[in-house]
$ cat structure-v4.cif   # mmCIF, C-alpha atoms and all ligand atoms
data_upload
#
loop_
_atom_site.group_PDB
_atom_site.id
_atom_site.type_symbol
_atom_site.label_atom_id
_atom_site.label_comp_id
_atom_site.auth_asym_id
_atom_site.auth_seq_id
_atom_site.Cartn_x
_atom_site.Cartn_y
_atom_site.Cartn_z
ATOM 1 C CA MET E 21 7.957 -13.044 14.732
ATOM 2 C CA LYS E 22 4.948 -11.243 16.145
ATOM 3 C CA ARG E 23 3.712 -7.685 16.485
ATOM 4 C CA GLU E 24 0.779 -6.457 18.483
ATOM 5 C CA LEU E 25 -1.798 -4.436 16.569
ATOM 6 C CA ARG E 26 -2.746 -1.753 19.027
ATOM 7 C CA THR E 27 -4.320 0.890 16.849
ATOM 8 C CA PHE E 28 -6.634 0.852 13.883
ATOM 9 C CA ASP E 29 -3.809 2.162 11.748
ATOM 10 C CA GLU E 30 -1.521 -0.708 12.731
ATOM 11 C CA PHE E 31 -4.361 -3.125 11.950
ATOM 12 C CA ARG E 32 -4.983 -1.514 8.570
ATOM 13 C CA GLN E 33 -1.278 -1.472 7.690
ATOM 14 C CA ALA E 34 -0.866 -5.135 8.644
ATOM 15 C CA ARG E 35 -3.724 -6.141 6.360
ATOM 16 C CA LEU E 36 -2.212 -4.236 3.461
ATOM 17 C CA GLY E 37 0.832 -6.497 3.634
ATOM 18 C CA ASP E 38 0.970 -9.650 1.566
ATOM 19 C CA SER E 39 2.353 -12.035 4.161
ATOM 20 C CA GLY E 40 1.595 -13.203 7.645
ATOM 21 C CA PHE E 41 -1.450 -14.051 9.693
ATOM 22 C CA VAL E 42 -3.581 -12.460 12.366
ATOM 23 C CA VAL E 43 -3.858 -14.016 15.809
ATOM 24 C CA ILE E 44 -6.776 -12.992 17.972
ATOM 25 C CA THR E 45 -6.335 -13.780 21.631
ATOM 26 C CA ASP E 46 -9.295 -13.942 23.934
ATOM 27 C CA THR E 47 -9.444 -14.043 27.692
ATOM 28 C CA ALA E 48 -12.342 -16.516 27.512
ATOM 29 C CA ARG E 49 -11.166 -18.760 24.656
ATOM 30 C CA PRO E 50 -7.946 -20.172 23.186
ATOM 31 C CA ALA E 51 -6.151 -17.972 20.674
ATOM 32 C CA ILE E 52 -7.067 -18.442 17.026
ATOM 33 C CA VAL E 53 -4.908 -17.772 13.986
ATOM 34 C CA HIS E 54 -6.639 -16.333 10.921
ATOM 35 C CA LYS E 55 -5.707 -15.493 7.384
ATOM 36 C CA LEU E 56 -4.501 -11.945 7.065
ATOM 37 C CA ASN E 57 -7.531 -11.117 4.977
ATOM 38 C CA GLY E 58 -9.853 -13.822 6.218
ATOM 39 C CA ARG E 59 -13.511 -12.886 6.208
ATOM 40 C CA CYS E 60 -13.623 -13.379 9.960
ATOM 41 C CA ILE E 61 -11.182 -10.498 10.424
ATOM 42 C CA SER E 62 -13.141 -7.298 10.361
ATOM 43 C CA ALA E 63 -12.472 -3.690 11.141
ATOM 44 C CA ASP E 64 -15.638 -3.577 13.230
ATOM 45 C CA ASN E 65 -14.569 -6.468 15.426
ATOM 46 C CA PHE E 66 -11.145 -4.950 15.818
ATOM 47 C CA LYS E 67 -12.627 -1.635 16.845
ATOM 48 C CA VAL E 68 -14.892 -3.226 19.444
ATOM 49 C CA LYS E 69 -12.287 -5.497 20.963
ATOM 50 C CA VAL E 70 -9.215 -3.311 20.837
ATOM 51 C CA MET E 71 -10.641 0.168 21.037
ATOM 52 C CA LEU E 72 -13.954 -0.039 22.923
ATOM 53 C CA ASP E 73 -12.965 -2.864 25.255
ATOM 54 C CA LYS E 74 -9.441 -1.401 25.499
ATOM 55 C CA ARG E 75 -7.946 -4.859 24.917
ATOM 56 C CA GLY E 76 -9.602 -6.119 28.093
ATOM 57 C CA THR E 77 -11.100 -9.135 26.347
ATOM 58 C CA GLY E 78 -8.136 -9.980 24.149
ATOM 59 C CA ASN E 79 -5.638 -8.660 21.648
ATOM 60 C CA TYR E 80 -4.827 -8.728 17.949
ATOM 61 C CA TYR E 81 -1.376 -9.685 16.734
ATOM 62 C CA TRP E 82 0.285 -9.984 13.379
ATOM 63 C CA VAL E 83 2.516 -13.056 13.079
ATOM 64 C CA ASP E 84 4.789 -14.123 10.243
ATOM 65 C CA SER E 85 3.735 -17.770 10.182
ATOM 66 C CA ILE E 86 1.318 -20.313 11.579
ATOM 67 C CA ALA E 87 4.287 -21.878 13.374
ATOM 68 C CA SER E 88 4.863 -18.570 15.185
ATOM 69 C CA ALA E 89 1.190 -18.395 16.088
ATOM 70 C CA ALA E 90 1.399 -21.869 17.578
ATOM 71 C CA SER E 91 4.633 -21.319 19.481
ATOM 72 C CA GLU E 92 3.869 -17.782 20.707
ATOM 73 C CA PHE E 93 0.189 -18.179 21.525
ATOM 74 C CA GLY E 94 -0.647 -21.858 21.290
ATOM 75 C CA ALA E 95 -3.108 -20.668 18.678
ATOM 76 C CA SER E 96 -5.220 -23.104 16.735
ATOM 77 C CA ALA E 97 -6.202 -22.565 13.114
ATOM 78 C CA CYS E 98 -9.509 -20.867 12.374
ATOM 79 C CA LYS E 99 -12.048 -23.300 10.936
ATOM 80 C CA ILE E 100 -13.724 -20.586 8.904
ATOM 81 C CA CYS E 101 -10.864 -19.027 6.938
ATOM 82 C CA LYS E 102 -8.543 -22.073 7.189
ATOM 83 C CA PRO E 103 -5.203 -20.235 7.308
ATOM 84 C CA HIS E 104 -3.186 -23.402 6.637
ATOM 85 C CA HIS E 105 -4.729 -23.669 3.186
ATOM 86 C CA PRO E 106 -2.871 -21.357 0.838
ATOM 87 C CA GLU E 107 -5.006 -18.785 -0.899
ATOM 88 C CA LYS E 108 -5.123 -18.870 -4.663
ATOM 89 C CA ASP E 109 -2.666 -16.195 -5.696
ATOM 90 C CA ILE E 110 -5.090 -14.422 -7.953
ATOM 91 C CA TRP E 111 -3.489 -11.048 -7.354
ATOM 92 C CA ARG E 112 -0.087 -12.344 -8.432
ATOM 93 C CA ALA E 113 -1.305 -14.195 -11.509
HETATM 94 ZN ZN ZN U 1 -10.652 -16.973 10.491
#
$ encode --input "structure-v4.cif" --output "C-alpha cells" --more "lines below"
Ligand SMILES: [Zn+2]
Amino acid sequence: MKRELRTFDEFRQARLGDSGFVVITDTARPAIVHKLNGRCISADNFKVKVMLDKRGTGNYYWVDSIASAASEFGASACKICKPHHPEKDIWRA
C-alpha cells in the first residue's frame, strides 16, 4: 500500500500516524525508504522538494511496509535512520 504525499498537510498527517514508512524518490538517485519519523525526514526538505521544486526532482510517499517500498519503488533502506530496525516503543511503554 502506498500513498503520495503531495501537500504539506498530507506529509504532516502521515507523520502523525504510528505505522508505515516514508519513501523519497529522486530523479537522480535510487529511491530510499525512511522511518516515518526518521531524523532525515524533515519538513524543510519536504517543502523544498515537493513545493518549491514542484516534485520535479522526486516525490514523497507513505508506504505501509518496507516490503511495499521495495516492490513499489525498488527502494533501499536508509543507512541513517535504519528503517528495518524497529524503534524502541517508548511511547507505548
Ligand atoms: Zn532515513
$ residues_near_ligand --input "structure-v4.cif" --ligand "ligand ZN 1 (chain U)" --cutoff "12 Å" --atoms "all atoms listed in the file" --output "short mmCIF file (atom, residue, chain, number, x, y, z; two decimals) with C-alpha atoms, in the coordinates of the input"
data_model
loop_
_atom_site.label_atom_id
_atom_site.label_comp_id
_atom_site.auth_asym_id
_atom_site.auth_seq_id
_atom_site.Cartn_x
_atom_site.Cartn_y
_atom_site.Cartn_z
CA PHE E 41 -1.45 -14.05 9.69
CA VAL E 42 -3.58 -12.46 12.37
CA VAL E 43 -3.86 -14.02 15.81
CA ILE E 44 -6.78 -12.99 17.97
CA ALA E 51 -6.15 -17.97 20.67
CA ILE E 52 -7.07 -18.44 17.03
CA VAL E 53 -4.91 -17.77 13.99
CA HIS E 54 -6.64 -16.33 10.92
CA LYS E 55 -5.71 -15.49 7.38
CA LEU E 56 -4.50 -11.94 7.06
CA ASN E 57 -7.53 -11.12 4.98
CA GLY E 58 -9.85 -13.82 6.22
CA ARG E 59 -13.51 -12.89 6.21
CA CYS E 60 -13.62 -13.38 9.96
CA ILE E 61 -11.18 -10.50 10.42
CA SER E 62 -13.14 -7.30 10.36
CA ALA E 95 -3.11 -20.67 18.68
CA SER E 96 -5.22 -23.10 16.74
CA ALA E 97 -6.20 -22.56 13.11
CA CYS E 98 -9.51 -20.87 12.37
CA LYS E 99 -12.05 -23.30 10.94
CA ILE E 100 -13.72 -20.59 8.90
CA CYS E 101 -10.86 -19.03 6.94
CA LYS E 102 -8.54 -22.07 7.19
CA PRO E 103 -5.20 -20.24 7.31
CA HIS E 104 -3.19 -23.40 6.64
CA HIS E 105 -4.73 -23.67 3.19
#
$ resolve_selection --input "structure-v4.cif" --expression "the PyMOL selection byres (((chain E and resi 76-92) around 6) and not hetatm)" --output "number ranges by chain"
E: 21-25, 40-47, 73-75, 93-95
$ resolve_selection --input "structure-v4.cif" --expression "the PyMOL selection byres (((chain E and resi 27) around 10) and not hetatm)" --output "ChimeraX atom specification"
/E:24-26,28-33,66-67,70-71,80
$ axis_aligned_box --input "structure-v4.cif" --around "region 37-45 of chain E" --padding-each-side "6 Å" --output "JSON"
{"center_x": -2.2, "center_y": -10.3, "center_z": 11.6, "size_x": 21.1, "size_y": 19.6, "size_z": 32.1}
$ build_atoms --input "structure-v4.cif" --residues "region 67-98 of chain E" --atoms "N, CA and C atoms" --output "PDB file, keeping the file's coordinate frame"
ATOM      1  N   LYS E  67     -12.295  -2.873  16.127  1.00  0.00           N
ATOM      2  CA  LYS E  67     -12.627  -1.635  16.845  1.00  0.00           C
ATOM      3  C   LYS E  67     -13.295  -1.931  18.185  1.00  0.00           C
ATOM      4  N   VAL E  68     -14.202  -2.898  18.195  1.00  0.00           N
ATOM      5  CA  VAL E  68     -14.892  -3.226  19.444  1.00  0.00           C
ATOM      6  C   VAL E  68     -13.897  -3.781  20.462  1.00  0.00           C
ATOM      7  N   LYS E  69     -13.126  -4.776  20.017  1.00  0.00           N
ATOM      8  CA  LYS E  69     -12.287  -5.497  20.963  1.00  0.00           C
ATOM      9  C   LYS E  69     -11.095  -4.668  21.442  1.00  0.00           C
ATOM     10  N   VAL E  70     -10.458  -4.000  20.489  1.00  0.00           N
ATOM     11  CA  VAL E  70      -9.215  -3.311  20.837  1.00  0.00           C
ATOM     12  C   VAL E  70      -9.470  -1.882  21.312  1.00  0.00           C
ATOM     13  N   MET E  71     -10.450  -1.232  20.706  1.00  0.00           N
ATOM     14  CA  MET E  71     -10.641   0.168  21.037  1.00  0.00           C
ATOM     15  C   MET E  71     -11.725   0.354  22.111  1.00  0.00           C
ATOM     16  N   LEU E  72     -12.892  -0.242  21.934  1.00  0.00           N
ATOM     17  CA  LEU E  72     -13.954  -0.039  22.923  1.00  0.00           C
ATOM     18  C   LEU E  72     -13.660  -0.800  24.214  1.00  0.00           C
ATOM     19  N   ASP E  73     -13.251  -2.064  24.058  1.00  0.00           N
ATOM     20  CA  ASP E  73     -12.965  -2.864  25.255  1.00  0.00           C
ATOM     21  C   ASP E  73     -11.559  -2.597  25.791  1.00  0.00           C
ATOM     22  N   LYS E  74     -10.816  -1.750  25.086  1.00  0.00           N
ATOM     23  CA  LYS E  74      -9.441  -1.401  25.499  1.00  0.00           C
ATOM     24  C   LYS E  74      -8.597  -2.645  25.756  1.00  0.00           C
ATOM     25  N   ARG E  75      -8.723  -3.621  24.876  1.00  0.00           N
ATOM     26  CA  ARG E  75      -7.946  -4.859  24.917  1.00  0.00           C
ATOM     27  C   ARG E  75      -8.186  -5.654  26.190  1.00  0.00           C
ATOM     28  N   GLY E  76      -9.304  -5.379  26.873  1.00  0.00           N
ATOM     29  CA  GLY E  76      -9.602  -6.119  28.093  1.00  0.00           C
ATOM     30  C   GLY E  76     -10.075  -7.530  27.839  1.00  0.00           C
ATOM     31  N   THR E  77     -10.599  -7.793  26.637  1.00  0.00           N
ATOM     32  CA  THR E  77     -11.100  -9.135  26.347  1.00  0.00           C
ATOM     33  C   THR E  77     -10.152  -9.915  25.446  1.00  0.00           C
ATOM     34  N   GLY E  78      -9.073  -9.287  25.006  1.00  0.00           N
ATOM     35  CA  GLY E  78      -8.136  -9.980  24.149  1.00  0.00           C
ATOM     36  C   GLY E  78      -7.412  -9.001  23.260  1.00  0.00           C
ATOM     37  N   ASN E  79      -6.473  -9.516  22.482  1.00  0.00           N
ATOM     38  CA  ASN E  79      -5.638  -8.660  21.648  1.00  0.00           C
ATOM     39  C   ASN E  79      -5.551  -9.214  20.231  1.00  0.00           C
ATOM     40  N   TYR E  80      -5.125  -8.342  19.323  1.00  0.00           N
ATOM     41  CA  TYR E  80      -4.827  -8.728  17.949  1.00  0.00           C
ATOM     42  C   TYR E  80      -3.316  -8.667  17.745  1.00  0.00           C
ATOM     43  N   TYR E  81      -2.795  -9.668  17.071  1.00  0.00           N
ATOM     44  CA  TYR E  81      -1.376  -9.685  16.734  1.00  0.00           C
ATOM     45  C   TYR E  81      -1.206 -10.060  15.279  1.00  0.00           C
ATOM     46  N   TRP E  82      -0.174  -9.502  14.665  1.00  0.00           N
ATOM     47  CA  TRP E  82       0.285  -9.984  13.379  1.00  0.00           C
ATOM     48  C   TRP E  82       1.412 -10.966  13.661  1.00  0.00           C
ATOM     49  N   VAL E  83       1.408 -12.106  12.973  1.00  0.00           N
ATOM     50  CA  VAL E  83       2.516 -13.056  13.079  1.00  0.00           C
ATOM     51  C   VAL E  83       2.973 -13.416  11.675  1.00  0.00           C
ATOM     52  N   ASP E  84       4.246 -13.835  11.570  1.00  0.00           N
ATOM     53  CA  ASP E  84       4.789 -14.123  10.243  1.00  0.00           C
ATOM     54  C   ASP E  84       4.414 -15.502   9.735  1.00  0.00           C
ATOM     55  N   SER E  85       4.034 -16.411  10.640  1.00  0.00           N
ATOM     56  CA  SER E  85       3.735 -17.770  10.182  1.00  0.00           C
ATOM     57  C   SER E  85       2.791 -18.456  11.163  1.00  0.00           C
ATOM     58  N   ILE E  86       2.183 -19.531  10.700  1.00  0.00           N
ATOM     59  CA  ILE E  86       1.318 -20.313  11.579  1.00  0.00           C
ATOM     60  C   ILE E  86       2.148 -20.959  12.686  1.00  0.00           C
ATOM     61  N   ALA E  87       3.400 -21.303  12.354  1.00  0.00           N
ATOM     62  CA  ALA E  87       4.287 -21.878  13.374  1.00  0.00           C
ATOM     63  C   ALA E  87       4.510 -20.873  14.501  1.00  0.00           C
ATOM     64  N   SER E  88       4.699 -19.601  14.149  1.00  0.00           N
ATOM     65  CA  SER E  88       4.863 -18.570  15.185  1.00  0.00           C
ATOM     66  C   SER E  88       3.599 -18.456  16.019  1.00  0.00           C
ATOM     67  N   ALA E  89       2.457 -18.504  15.363  1.00  0.00           N
ATOM     68  CA  ALA E  89       1.190 -18.395  16.088  1.00  0.00           C
ATOM     69  C   ALA E  89       1.063 -19.526  17.103  1.00  0.00           C
ATOM     70  N   ALA E  90       1.492 -20.714  16.692  1.00  0.00           N
ATOM     71  CA  ALA E  90       1.399 -21.869  17.578  1.00  0.00           C
ATOM     72  C   ALA E  90       2.386 -21.759  18.729  1.00  0.00           C
ATOM     73  N   SER E  91       3.631 -21.348  18.418  1.00  0.00           N
ATOM     74  CA  SER E  91       4.633 -21.319  19.481  1.00  0.00           C
ATOM     75  C   SER E  91       4.437 -20.120  20.404  1.00  0.00           C
ATOM     76  N   GLU E  92       4.014 -18.984  19.871  1.00  0.00           N
ATOM     77  CA  GLU E  92       3.869 -17.782  20.707  1.00  0.00           C
ATOM     78  C   GLU E  92       2.569 -17.800  21.512  1.00  0.00           C
ATOM     79  N   PHE E  93       1.508 -18.313  20.894  1.00  0.00           N
ATOM     80  CA  PHE E  93       0.189 -18.179  21.525  1.00  0.00           C
ATOM     81  C   PHE E  93      -0.511 -19.512  21.754  1.00  0.00           C
ATOM     82  N   GLY E  94       0.070 -20.600  21.254  1.00  0.00           N
ATOM     83  CA  GLY E  94      -0.647 -21.858  21.290  1.00  0.00           C
ATOM     84  C   GLY E  94      -1.919 -21.783  20.479  1.00  0.00           C
ATOM     85  N   ALA E  95      -1.897 -20.938  19.444  1.00  0.00           N
ATOM     86  CA  ALA E  95      -3.108 -20.668  18.678  1.00  0.00           C
ATOM     87  C   ALA E  95      -3.472 -21.855  17.793  1.00  0.00           C
ATOM     88  N   SER E  96      -4.769 -22.099  17.679  1.00  0.00           N
ATOM     89  CA  SER E  96      -5.220 -23.104  16.735  1.00  0.00           C
ATOM     90  C   SER E  96      -5.785 -22.412  15.502  1.00  0.00           C
ATOM     91  N   ALA E  97      -5.811 -23.155  14.387  1.00  0.00           N
ATOM     92  CA  ALA E  97      -6.202 -22.565  13.114  1.00  0.00           C
ATOM     93  C   ALA E  97      -7.708 -22.342  13.052  1.00  0.00           C
ATOM     94  N   CYS E  98      -8.100 -21.201  12.533  1.00  0.00           N
ATOM     95  CA  CYS E  98      -9.509 -20.867  12.374  1.00  0.00           C
ATOM     96  C   CYS E  98     -10.173 -21.858  11.417  1.00  0.00           C
TER      97      CYS E  98
END
